>>> print(open('work24.tsv').read())   # TSV, C-alpha atoms and all ligand atoms
chain	number	residue	atom	x	y	z
D	1	MET	CA	-56.55	-30.37	-38.11
D	2	SER	CA	-53.16	-31.39	-39.40
D	3	LEU	CA	-50.74	-29.09	-41.17
D	4	SER	CA	-48.04	-29.79	-43.69
D	5	LEU	CA	-45.43	-27.45	-45.09
D	6	HIS	CA	-43.61	-28.80	-48.10
D	7	GLU	CA	-40.27	-27.32	-49.22
D	8	ILE	CA	-41.14	-23.72	-48.33
D	9	THR	CA	-38.74	-20.94	-49.32
D	10	LYS	CA	-39.36	-17.30	-48.44
D	11	ARG	CA	-37.01	-14.43	-49.27
D	12	PHE	CA	-37.10	-10.78	-48.22
D	13	GLY	CA	-34.73	-9.11	-50.69
D	14	ASP	CA	-31.37	-10.80	-50.09
D	15	VAL	CA	-32.47	-12.41	-46.82
D	16	VAL	CA	-33.53	-16.05	-47.08
D	17	ALA	CA	-35.98	-16.19	-44.15
D	18	LEU	CA	-37.10	-19.77	-44.88
D	19	ASP	CA	-34.87	-22.15	-46.76
D	20	ASN	CA	-36.64	-25.19	-48.25
D	21	LEU	CA	-38.43	-25.90	-44.99
D	22	SER	CA	-40.68	-28.95	-44.59
D	23	LEU	CA	-42.77	-29.68	-41.53
D	24	ASP	CA	-45.66	-31.93	-40.45
D	25	VAL	CA	-47.89	-31.09	-37.51
D	26	ARG	CA	-50.34	-33.76	-36.34
D	27	ARG	CA	-53.97	-33.24	-35.46
D	28	GLY	CA	-54.48	-32.07	-31.85
D	29	GLU	CA	-50.77	-31.62	-31.29
D	30	PHE	CA	-49.11	-28.77	-29.38
D	31	PHE	CA	-46.19	-28.10	-31.72
D	32	THR	CA	-43.51	-25.50	-30.97
D	33	LEU	CA	-41.07	-23.69	-33.24
D	34	LEU	CA	-38.05	-22.94	-31.05
D	35	GLY	CA	-35.00	-20.94	-32.03
D	36	PRO	CA	-33.07	-17.69	-31.64
D	37	SER	CA	-34.20	-14.31	-32.93
D	38	GLY	CA	-34.23	-14.12	-36.73
D	39	CYS	CA	-34.26	-17.88	-37.44
D	40	GLY	CA	-37.62	-17.67	-39.24
D	41	LYS	CA	-40.18	-18.69	-36.63
D	42	SER	CA	-42.63	-15.81	-37.15
D	43	THR	CA	-42.26	-16.01	-40.92
D	44	THR	CA	-43.28	-19.69	-40.76
D	45	LEU	CA	-46.38	-18.77	-38.75
D	46	LYS	CA	-47.30	-15.94	-41.14
D	47	ILE	CA	-46.95	-18.28	-44.13
D	48	ILE	CA	-49.31	-20.75	-42.43
D	49	ALA	CA	-51.76	-17.93	-41.66
D	50	GLY	CA	-51.58	-16.65	-45.23
D	51	PHE	CA	-50.19	-13.19	-44.33
D	52	TYR	CA	-47.13	-13.98	-46.50
D	53	LYS	CA	-46.99	-15.95	-49.72
D	54	PRO	CA	-44.03	-18.34	-50.03
D	55	ASP	CA	-41.71	-17.93	-53.03
D	56	ARG	CA	-41.69	-21.71	-53.37
D	57	GLY	CA	-43.37	-24.67	-51.70
D	58	LYS	CA	-46.79	-25.92	-50.67
D	59	ILE	CA	-48.99	-25.47	-47.60
D	60	TYR	CA	-51.57	-28.12	-46.75
D	61	ILE	CA	-54.21	-27.88	-44.03
D	62	ASP	CA	-55.80	-31.28	-43.51
D	63	GLU	CA	-54.36	-32.41	-46.81
D	64	GLU	CA	-55.98	-29.54	-48.70
D	65	LEU	CA	-53.61	-27.28	-50.63
D	66	VAL	CA	-54.22	-23.74	-49.30
D	67	ASN	CA	-51.53	-21.66	-51.06
D	68	ASN	CA	-54.20	-19.64	-52.83
D	69	VAL	CA	-56.72	-19.51	-49.99
D	70	PRO	CA	-56.79	-16.00	-48.44
D	71	PRO	CA	-56.11	-15.65	-44.67
D	72	TYR	CA	-59.74	-15.08	-43.62
D	73	GLU	CA	-60.86	-18.25	-45.40
D	74	ARG	CA	-58.20	-20.44	-43.79
D	75	ASN	CA	-60.14	-20.30	-40.51
D	76	LEU	CA	-57.11	-20.10	-38.22
D	77	GLY	CA	-56.85	-18.38	-34.84
D	78	TYR	CA	-53.87	-16.07	-34.34
D	79	VAL	CA	-52.54	-14.76	-31.02
D	80	PHE	CA	-49.74	-12.19	-31.18
D	81	GLN	CA	-47.09	-11.13	-28.69
D	82	ASN	CA	-48.59	-7.61	-28.36
D	83	TYR	CA	-52.22	-8.86	-27.96
D	84	ALA	CA	-53.37	-6.60	-30.86
D	85	LEU	CA	-56.80	-5.94	-29.29
D	86	PHE	CA	-59.02	-3.18	-30.68
D	87	PRO	CA	-58.49	-0.43	-28.06
D	88	HIS	CA	-61.83	1.36	-28.53
D	89	MET	CA	-63.93	-1.82	-28.31
D	90	SER	CA	-65.12	-3.59	-25.17
D	91	VAL	CA	-63.96	-7.10	-24.27
D	92	PHE	CA	-67.27	-8.45	-25.60
D	93	GLU	CA	-66.90	-6.62	-28.92
D	94	ASN	CA	-63.27	-7.70	-29.29
D	95	VAL	CA	-64.15	-11.38	-28.81
D	96	ALA	CA	-67.34	-11.12	-30.92
D	97	TYR	CA	-65.51	-9.47	-33.83
D	98	GLY	CA	-64.80	-12.62	-35.89
D	99	LEU	CA	-68.31	-13.98	-35.32
D	100	LYS	CA	-69.95	-10.69	-36.41
D	101	ALA	CA	-67.80	-10.73	-39.54
D	102	LYS	CA	-69.32	-14.14	-40.29
D	103	LYS	CA	-72.79	-12.60	-39.77
D	104	LEU	CA	-73.87	-15.19	-37.21
D	105	PRO	CA	-77.18	-14.67	-35.35
D	106	ARG	CA	-76.97	-12.40	-32.26
D	107	ASP	CA	-77.98	-15.11	-29.80
D	108	GLU	CA	-75.30	-17.45	-31.06
D	109	ILE	CA	-72.68	-14.70	-30.85
D	110	ARG	CA	-73.69	-13.98	-27.21
D	111	ARG	CA	-73.52	-17.66	-26.29
D	112	ARG	CA	-70.18	-18.30	-27.96
D	113	VAL	CA	-68.51	-15.17	-26.55
D	114	LYS	CA	-69.74	-16.16	-23.09
D	115	GLU	CA	-68.31	-19.67	-23.49
D	116	ALA	CA	-64.96	-18.37	-24.74
D	117	LEU	CA	-64.68	-15.85	-21.88
D	118	GLU	CA	-65.53	-18.58	-19.37
D	119	LEU	CA	-62.86	-20.80	-20.85
D	120	VAL	CA	-60.17	-18.15	-20.32
D	121	GLY	CA	-61.53	-17.20	-16.88
D	122	LEU	CA	-62.84	-13.73	-17.80
D	123	GLU	CA	-66.58	-14.01	-17.27
D	124	GLY	CA	-67.92	-10.67	-15.99
D	125	PHE	CA	-65.32	-8.60	-17.91
D	126	GLU	CA	-67.50	-8.14	-21.02
D	127	ASP	CA	-67.90	-4.36	-20.70
D	128	ARG	CA	-64.30	-3.38	-19.91
D	129	ARG	CA	-62.03	-1.80	-22.48
D	130	PRO	CA	-58.52	-3.25	-23.04
D	131	ASP	CA	-56.87	-0.33	-21.18
D	132	GLN	CA	-58.85	-1.32	-18.09
D	133	LEU	CA	-57.24	-4.77	-18.05
D	134	SER	CA	-53.88	-6.13	-16.90
D	135	GLY	CA	-51.46	-7.59	-19.46
D	136	GLY	CA	-52.42	-11.15	-18.52
D	137	GLN	CA	-56.11	-10.33	-18.87
D	138	GLN	CA	-55.55	-8.67	-22.25
D	139	GLN	CA	-53.73	-11.74	-23.49
D	140	ARG	CA	-56.61	-13.92	-22.31
D	141	VAL	CA	-59.02	-11.72	-24.29
D	142	ALA	CA	-56.78	-12.19	-27.34
D	143	LEU	CA	-56.89	-15.96	-26.77
D	144	ALA	CA	-60.69	-15.92	-26.39
D	145	ARG	CA	-60.96	-13.90	-29.61
D	146	ALA	CA	-58.82	-16.50	-31.43
D	147	ILE	CA	-60.65	-19.60	-30.16
D	148	VAL	CA	-64.23	-18.26	-30.37
D	149	ILE	CA	-64.30	-18.83	-34.15
D	150	ASN	CA	-63.53	-22.56	-33.67
D	151	PRO	CA	-60.33	-22.27	-35.68
D	152	LYS	CA	-58.82	-25.27	-37.43
D	153	ILE	CA	-55.43	-24.43	-35.95
D	154	LEU	CA	-54.37	-21.99	-33.24
D	155	LEU	CA	-51.23	-20.01	-34.11
D	156	LEU	CA	-49.42	-18.41	-31.18
D	157	ASP	CA	-46.50	-16.01	-31.68
D	158	GLU	CA	-44.63	-15.54	-28.38
D	159	PRO	CA	-47.96	-14.84	-26.65
D	160	LEU	CA	-46.52	-14.79	-23.13
D	161	SER	CA	-43.37	-12.76	-23.63
D	162	ASN	CA	-44.89	-9.39	-22.61
D	163	LEU	CA	-46.06	-10.73	-19.27
D	164	ASP	CA	-44.06	-10.60	-16.04
D	165	ALA	CA	-42.30	-13.79	-14.95
D	166	LYS	CA	-44.90	-14.99	-12.45
D	167	LEU	CA	-47.85	-14.37	-14.77
D	168	ARG	CA	-45.98	-16.04	-17.61
D	169	LEU	CA	-45.72	-19.27	-15.61
D	170	TYR	CA	-49.39	-19.11	-14.64
D	171	MET	CA	-50.56	-18.39	-18.19
D	172	ARG	CA	-48.41	-21.26	-19.50
D	173	THR	CA	-50.41	-23.72	-17.41
D	174	GLU	CA	-53.71	-22.07	-18.39
D	175	LEU	CA	-52.87	-22.14	-22.07
D	176	LYS	CA	-51.95	-25.82	-22.00
D	177	LYS	CA	-55.16	-26.62	-20.08
D	178	ILE	CA	-57.30	-24.80	-22.65
D	179	GLN	CA	-55.51	-26.41	-25.60
D	180	ARG	CA	-56.07	-29.88	-24.06
D	181	GLU	CA	-59.69	-29.14	-23.26
D	182	LEU	CA	-60.42	-28.03	-26.83
D	183	LYS	CA	-58.15	-30.73	-28.34
D	184	ILE	CA	-57.10	-28.03	-30.80
D	185	THR	CA	-53.95	-28.20	-32.94
D	186	ALA	CA	-51.63	-25.43	-31.73
D	187	ILE	CA	-48.46	-24.08	-33.31
D	188	TYR	CA	-46.45	-22.02	-30.89
D	189	VAL	CA	-43.46	-19.78	-31.52
D	190	THR	CA	-40.92	-19.05	-28.79
D	191	HIS	CA	-37.22	-18.57	-28.12
D	192	ASP	CA	-37.71	-19.69	-24.52
D	193	GLN	CA	-36.59	-23.29	-24.05
D	194	ASP	CA	-38.43	-23.77	-20.74
D	195	GLU	CA	-41.67	-22.66	-22.31
D	196	ALA	CA	-41.15	-25.05	-25.23
D	197	ARG	CA	-40.30	-27.87	-22.89
D	198	THR	CA	-43.36	-27.54	-20.64
D	199	LEU	CA	-45.98	-26.84	-23.30
D	200	SER	CA	-45.11	-28.97	-26.30
D	201	ASP	CA	-45.91	-32.43	-27.56
D	202	ARG	CA	-43.18	-31.91	-30.14
D	203	ILE	CA	-40.60	-29.20	-30.77
D	204	ALA	CA	-38.86	-28.14	-33.99
D	205	VAL	CA	-35.56	-26.37	-33.33
D	206	MET	CA	-34.90	-23.85	-36.12
D	207	LYS	CA	-31.61	-22.45	-37.42
D	208	SER	CA	-31.32	-19.88	-40.24
D	209	GLY	CA	-34.62	-20.68	-41.95
D	210	LYS	CA	-34.25	-24.45	-41.62
D	211	ILE	CA	-35.30	-27.08	-39.15
D	212	GLU	CA	-32.35	-28.58	-37.34
D	213	GLN	CA	-34.21	-31.23	-35.31
D	214	VAL	CA	-37.82	-32.25	-34.59
D	215	GLY	CA	-38.71	-34.36	-31.58
D	216	SER	CA	-40.48	-34.69	-28.26
D	217	PRO	CA	-39.21	-32.43	-25.46
D	218	HIS	CA	-37.42	-35.50	-24.09
D	219	GLU	CA	-35.61	-36.13	-27.38
D	220	ILE	CA	-34.65	-32.49	-27.85
D	221	PHE	CA	-33.48	-31.94	-24.27
D	222	TYR	CA	-31.78	-35.28	-23.68
D	223	ASN	CA	-30.79	-36.48	-27.15
D	224	PRO	CA	-29.91	-33.44	-29.27
D	225	ARG	CA	-28.53	-34.51	-32.64
D	226	THR	CA	-26.29	-31.52	-33.31
D	227	ARG	CA	-24.09	-29.17	-31.34
D	228	TYR	CA	-26.36	-26.25	-32.29
D	229	VAL	CA	-29.43	-27.91	-30.71
D	230	ALA	CA	-27.45	-29.08	-27.68
D	231	ASP	CA	-26.12	-25.57	-27.13
D	232	PHE	CA	-29.54	-23.97	-27.56
D	233	VAL	CA	-31.19	-26.27	-25.01
D	234	GLY	CA	-28.57	-25.82	-22.33
D	235	PHE	CA	-25.80	-28.36	-22.78
D	236	SER	CA	-22.92	-26.17	-21.71
D	237	ASN	CA	-20.09	-28.72	-21.74
D	238	PHE	CA	-18.52	-29.57	-25.10
D	239	ILE	CA	-15.36	-31.68	-25.03
D	240	GLU	CA	-13.57	-32.52	-28.27
D	241	SER	CA	-12.38	-36.08	-28.69
D	242	ILE	CA	-11.64	-38.88	-31.16
D	243	VAL	CA	-13.28	-42.30	-31.58
D	244	LYS	CA	-10.82	-44.92	-30.30
D	245	ASP	CA	-12.97	-48.05	-30.57
D	246	ILE	CA	-16.47	-49.07	-31.61
D	247	LYS	CA	-18.63	-51.58	-29.76
D	248	ARG	CA	-22.20	-52.64	-30.61
D	249	ASP	CA	-24.16	-49.59	-29.38
D	250	ARG	CA	-21.28	-47.76	-27.76
D	251	VAL	CA	-18.13	-45.99	-28.80
D	252	VAL	CA	-14.96	-45.67	-26.80
D	253	ILE	CA	-13.49	-42.19	-26.74
D	254	ASP	CA	-10.80	-40.41	-24.81
D	255	LEU	CA	-12.53	-38.25	-22.19
D	256	LEU	CA	-10.14	-35.84	-20.48
D	257	GLY	CA	-7.31	-38.37	-20.78
D	258	ARG	CA	-9.26	-41.48	-19.89
D	259	PRO	CA	-10.87	-44.13	-22.17
D	260	THR	CA	-14.63	-43.82	-21.71
D	261	GLU	CA	-17.60	-45.69	-23.20
D	262	ILE	CA	-20.60	-43.68	-24.41
D	263	MET	CA	-23.94	-44.84	-25.88
D	264	SER	CA	-24.16	-44.07	-29.58
D	265	ASP	CA	-27.43	-45.64	-30.70
D	266	ASN	CA	-28.54	-42.52	-32.63
D	267	GLU	CA	-25.59	-42.19	-35.00
D	268	GLU	CA	-22.95	-44.21	-36.79
D	269	PHE	CA	-19.36	-43.30	-35.97
D	270	LYS	CA	-16.09	-44.31	-37.60
D	271	LEU	CA	-12.78	-45.21	-35.98
D	272	GLY	CA	-10.60	-42.10	-35.68
D	273	GLU	CA	-13.55	-39.74	-36.31
D	274	LYS	CA	-13.58	-36.37	-34.53
D	275	VAL	CA	-16.46	-36.12	-32.06
D	276	ILE	CA	-17.79	-33.86	-29.33
D	277	VAL	CA	-18.78	-35.25	-25.97
D	278	THR	CA	-21.45	-33.27	-24.21
D	279	ILE	CA	-23.39	-33.32	-20.95
D	280	ARG	CA	-25.87	-30.97	-19.28
D	281	PRO	CA	-24.37	-29.16	-16.27
D	282	GLU	CA	-27.03	-30.62	-13.99
D	283	PHE	CA	-25.63	-34.10	-14.66
D	284	VAL	CA	-22.14	-33.21	-13.50
D	285	LYS	CA	-22.02	-33.83	-9.75
D	286	ILE	CA	-19.60	-32.04	-7.47
D	287	LEU	CA	-18.51	-34.59	-4.88
D	288	THR	CA	-17.76	-32.70	-1.72
D	289	GLY	CA	-17.09	-35.83	0.32
D	290	GLY	CA	-19.36	-38.14	2.20
D	291	GLU	CA	-21.25	-39.32	-0.94
D	292	ALA	CA	-21.69	-43.05	-1.26
D	293	ALA	CA	-19.43	-44.67	-3.86
D	294	THR	CA	-21.31	-45.29	-7.10
D	295	ASP	CA	-20.43	-46.87	-10.41
D	296	SER	CA	-22.88	-44.63	-12.31
D	297	LEU	CA	-20.32	-41.79	-12.39
D	298	TYR	CA	-17.03	-41.17	-14.21
D	299	VAL	CA	-15.03	-39.30	-11.59
D	300	PHE	CA	-12.34	-36.66	-12.33
D	301	GLU	CA	-10.44	-34.20	-10.22
D	302	GLY	CA	-10.33	-30.48	-10.88
D	303	ILE	CA	-10.04	-27.02	-9.37
D	304	VAL	CA	-12.97	-24.64	-8.79
D	305	GLU	CA	-12.37	-21.54	-10.92
D	306	GLY	CA	-15.59	-19.58	-10.57
D	307	LYS	CA	-19.31	-19.67	-9.97
D	308	ASN	CA	-22.52	-17.97	-11.12
D	309	TYR	CA	-25.99	-17.97	-9.67
D	310	ILE	CA	-28.57	-19.30	-12.14
D	311	GLY	CA	-32.01	-19.23	-10.57
D	312	SER	CA	-31.95	-21.61	-7.64
D	313	VAL	CA	-28.73	-23.41	-8.55
D	314	VAL	CA	-25.11	-22.36	-8.61
D	315	ARG	CA	-23.15	-23.10	-11.79
D	316	TYR	CA	-19.53	-23.87	-10.92
D	317	GLN	CA	-16.67	-23.71	-13.39
D	318	ILE	CA	-14.17	-26.45	-12.69
D	319	ARG	CA	-10.86	-26.73	-14.49
D	320	ILE	CA	-9.52	-30.15	-15.46
D	321	GLY	CA	-6.26	-29.62	-17.38
D	322	ASN	CA	-7.09	-27.41	-20.38
D	323	THR	CA	-10.85	-27.93	-20.12
D	324	VAL	CA	-13.35	-26.00	-18.00
D	325	ILE	CA	-16.43	-28.02	-17.00
D	326	MET	CA	-19.72	-26.48	-15.85
D	327	ALA	CA	-21.46	-28.23	-12.97
D	328	ASP	CA	-24.76	-27.18	-11.35
D	329	HIS	CA	-24.91	-27.51	-7.63
D	330	ILE	CA	-27.69	-26.72	-5.18
D	331	GLU	CA	-25.95	-24.60	-2.62
D	332	THR	CA	-26.72	-24.29	1.07
D	333	PRO	CA	-24.45	-22.42	3.49
D	334	ARG	CA	-23.01	-25.83	4.42
D	335	THR	CA	-22.36	-27.03	0.87
D	336	ALA	CA	-20.91	-23.82	-0.66
D	337	ILE	CA	-17.54	-24.48	-2.28
D	338	GLU	CA	-14.81	-21.86	-2.24
D	339	ILE	CA	-12.94	-20.84	-5.39
D	340	GLY	CA	-9.51	-22.43	-5.68
D	341	ARG	CA	-10.54	-25.62	-3.93
D	342	ARG	CA	-9.63	-29.00	-5.44
D	343	VAL	CA	-12.77	-31.11	-5.91
D	344	LYS	CA	-13.88	-34.38	-7.44
D	345	ILE	CA	-16.61	-34.20	-10.05
D	346	GLY	CA	-18.63	-37.09	-11.42
D	347	PHE	CA	-20.16	-37.23	-14.92
D	348	GLU	CA	-23.39	-39.25	-14.89
D	349	LYS	CA	-22.43	-42.03	-17.31
D	350	GLU	CA	-25.90	-42.43	-18.84
D	351	MET	CA	-26.21	-38.70	-19.48
D	352	LEU	CA	-23.07	-38.30	-21.58
D	353	ARG	CA	-23.86	-37.76	-25.26
D	354	ILE	CA	-21.69	-37.95	-28.32
D	355	LEU	CA	-22.11	-35.69	-31.37
D	356	LYS	CA	-20.41	-35.44	-34.75
D	357	GLY	CA	-17.39	-33.15	-34.41
T	401	LIG	P1	-37.88	-13.14	-33.61
T	401	LIG	O1	-37.84	-14.17	-32.53
T	401	LIG	O2	-36.88	-12.04	-33.43
T	401	LIG	O3	-39.26	-12.65	-33.92
T	401	LIG	P2	-38.00	-14.99	-35.85
T	401	LIG	O4	-37.31	-16.29	-35.65
T	401	LIG	O5	-39.47	-14.99	-35.69
T	401	LIG	O6	-37.34	-13.88	-34.94
T	401	LIG	P3	-38.51	-13.90	-38.46
T	401	LIG	O7	-39.27	-12.73	-37.93
T	401	LIG	O8	-39.27	-14.99	-39.08
T	401	LIG	O9	-37.59	-14.50	-37.30
T	401	LIG	O10	-37.39	-13.36	-39.47
T	401	LIG	C1	-36.56	-14.19	-40.24
T	401	LIG	C2	-35.64	-13.33	-41.09
T	401	LIG	O11	-36.40	-12.64	-42.08
T	401	LIG	C3	-34.90	-12.24	-40.32
T	401	LIG	O12	-33.62	-12.11	-40.88
T	401	LIG	C4	-35.74	-11.00	-40.56
T	401	LIG	O13	-34.95	-9.84	-40.46
T	401	LIG	C5	-36.28	-11.23	-41.95
T	401	LIG	N1	-37.63	-10.64	-42.13
T	401	LIG	C6	-38.77	-11.03	-41.50
T	401	LIG	N2	-39.83	-10.31	-41.92
T	401	LIG	C7	-39.36	-9.43	-42.85
T	401	LIG	C8	-39.97	-8.41	-43.67
T	401	LIG	N3	-41.28	-8.17	-43.62
T	401	LIG	N4	-39.14	-7.70	-44.49
T	401	LIG	C9	-37.84	-7.96	-44.56
T	401	LIG	N5	-37.20	-8.90	-43.84
T	401	LIG	C10	-37.95	-9.64	-42.98
>>> encode(input="work24.tsv", output="structure tokens")
Amino acid sequence: MSLSLHEITKRFGDVVALDNLSLDVRRGEFFTLLGPSGCGKSTTLKIIAGFYKPDRGKIYIDEELVNNVPPYERNLGYVFQNYALFPHMSVFENVAYGLKAKKLPRDEIRRRVKEALELVGLEGFEDRRPDQLSGGQQQRVALARAIVINPKILLLDEPLSNLDAKLRLYMRTELKKIQRELKITAIYVTHDQDEARTLSDRIAVMKSGKIEQVGSPHEIFYNPRTRYVADFVGFSNFIESIVKDIKRDRVVIDLLGRPTEIMSDNEEFKLGEKVIVTIRPEFVKILTGGEAATDSLYVFEGIVEGKNYIGSVVRYQIRIGNTVIMADHIETPRTAIEIGRRVKIGFEKEMLRILKG
């Protein structure tokens, strides 16, 4: 089913949690609301579910206005961060709960619970209580309980954030598989950019109760439209500059003292306008010598000032004049670079982006 939010505002006292927010989710889509704590992600989900009423605006599910439809009649599945299972009920009873409430025949309930538990890989666990299950298993029960009612839309509020890192990765894949298999529309809330990137068909990046940008993971991660989005999805280099010349789909700016052409097909820029040049740290290459010459890089010289370990890569800070550039480098004992060393770094030309200043 599709979902449409039209100019939704929601206040809690003086706090404007949602500020004239509009949003369209397509049928069968895995759609993610991504943003920092407090930006309004959970409030959006609760408005869709009907747990909160908006102060202003309209909610449509499959083009039907549902503002006055109570939560239990909206037929949506909800999975919470803390699983919210009934502790005194067995796995079977937890999953069967919504079907019993609808007073379906016993045989049908048995069949559908069995199917849902098979789908989440928990057949044989019917008689256990939640406290006899691991966190990952509990979350799978919560998922089975949400999908067993054949919901129009599946709403997921940070469902993986209580799981340990390894399980989180595993459950991510499982969740995506199940969503694809059921072809169900899913709306997913997270502040984790990797999760958003791997799961979503489209992502909405939220800021202070508004949507800052909507797009495919590729658009959000490679073509952010604002500094806020770029920053949130891991562009750590922001270099201020001024537009010196404008060509058809490119602008010429001054990059660290050198005239440089950058693609600008997303935005219009004016001569003399203040801009910010940005690039992800993984597209800044540290040239330690021996690399083949290439014209796909803009090469500068700088001094290594520091380094941090980020997962499997090392993020180097390299000073060029007054600017410090971050560059990710896969380090082996042979390629480690000592602090204080003068190095050449190359910006991948095609990966430089230009934003309004
Ligand atoms: P998080 O990732 O921390 O859950 P979020 O993006 O989901 O954050 P919301 O929970 O939607 O953010 O909150 C948005 C804003 O509304 C916050 O400033 C929050 O403090 C406020 N808020 C949310 N629910 C309530 C409530 N029931 N009463 C008062 N204020 C609330």
>>> residues_near_ligand(input="work24.tsv", ligand="ligand LIG 401 (chain T)", cutoff="12 Å", atoms="only C-alpha atoms and all ligand atoms", output="count of residues only")
49
>>> residues_around(input="work24.tsv", residues="range 96-98 of chain D", least_positions_apart="4", cutoff="7 Å", atoms="all atoms listed in the file", output="short mmCIF file (atom, residue, chain, number, x, y, z; two decimals) with C-alpha atoms, in the frame of the given file")
data_model
loop_
_atom_site.label_atom_id
_atom_site.label_comp_id
_atom_site.auth_asym_id
_atom_site.auth_seq_id
_atom_site.Cartn_x
_atom_site.Cartn_y
_atom_site.Cartn_z
CA PHE D 92 -67.27 -8.45 -25.60
CA LYS D 102 -69.32 -14.14 -40.29
CA ILE D 109 -72.68 -14.70 -30.85
CA VAL D 113 -68.51 -15.17 -26.55
CA ILE D 149 -64.30 -18.83 -34.15
#
>>> residues_around(input="work24.tsv", residues="Asn75 in chain D", least_positions_apart="3", cutoff="7 Å", atoms="only C-alpha atoms", output="PyMOL selection string")
chain D and resi 72+151-152
>>> closest_residue(input="work24.tsv", among="D:Glu268, D:Glu118, D:Arg128, D:Thr32", to="Thr198 in chain D", atoms="all atoms listed in the file")
D:Thr32
>>> residues_around(input="work24.tsv", residues="Glu261 in chain D", least_positions_apart="4", cutoff="7 Å", atoms="all atoms listed in the file", output="PyMOL selection string")
chain D and resi 250-253
>>> residues_near_point(input="work24.tsv", point="(-18.2, -35.6, -17.9)", cutoff="9 Å", atoms="only C-alpha atoms", output="ChimeraX atom specification")
/D:237,239,255-256,277-279,283-284,297-300,325,345-349,351-352
>>> write_last_selection(input="work24.tsv", atoms="C-alpha atoms", output="compact mmCIF listing (two decimals), in the coordinates of the input")
# COMPACT_ATOMS: atom_id res chain seq x y z
CA ASN D 237 -20.09 -28.72 -21.74
CA ILE D 239 -15.36 -31.68 -25.03
CA LEU D 255 -12.53 -38.25 -22.19
CA LEU D 256 -10.14 -35.84 -20.48
CA VAL D 277 -18.78 -35.25 -25.97
CA THR D 278 -21.45 -33.27 -24.21
CA ILE D 279 -23.39 -33.32 -20.95
CA PHE D 283 -25.63 -34.10 -14.66
CA VAL D 284 -22.14 -33.21 -13.50
CA LEU D 297 -20.32 -41.79 -12.39
CA TYR D 298 -17.03 -41.17 -14.21
CA VAL D 299 -15.03 -39.30 -11.59
CA PHE D 300 -12.34 -36.66 -12.33
CA ILE D 325 -16.43 -28.02 -17.00
CA ILE D 345 -16.61 -34.20 -10.05
CA GLY D 346 -18.63 -37.09 -11.42
CA PHE D 347 -20.16 -37.23 -14.92
CA GLU D 348 -23.39 -39.25 -14.89
CA LYS D 349 -22.43 -42.03 -17.31
CA MET D 351 -26.21 -38.70 -19.48
CA LEU D 352 -23.07 -38.30 -21.58
>>> closest_residue(input="work24.tsv", among="D:Arg74, D:His329, D:Arg225, D:Lys58", to="Gln317 in chain D", atoms="all atoms listed in the file")
D:His329
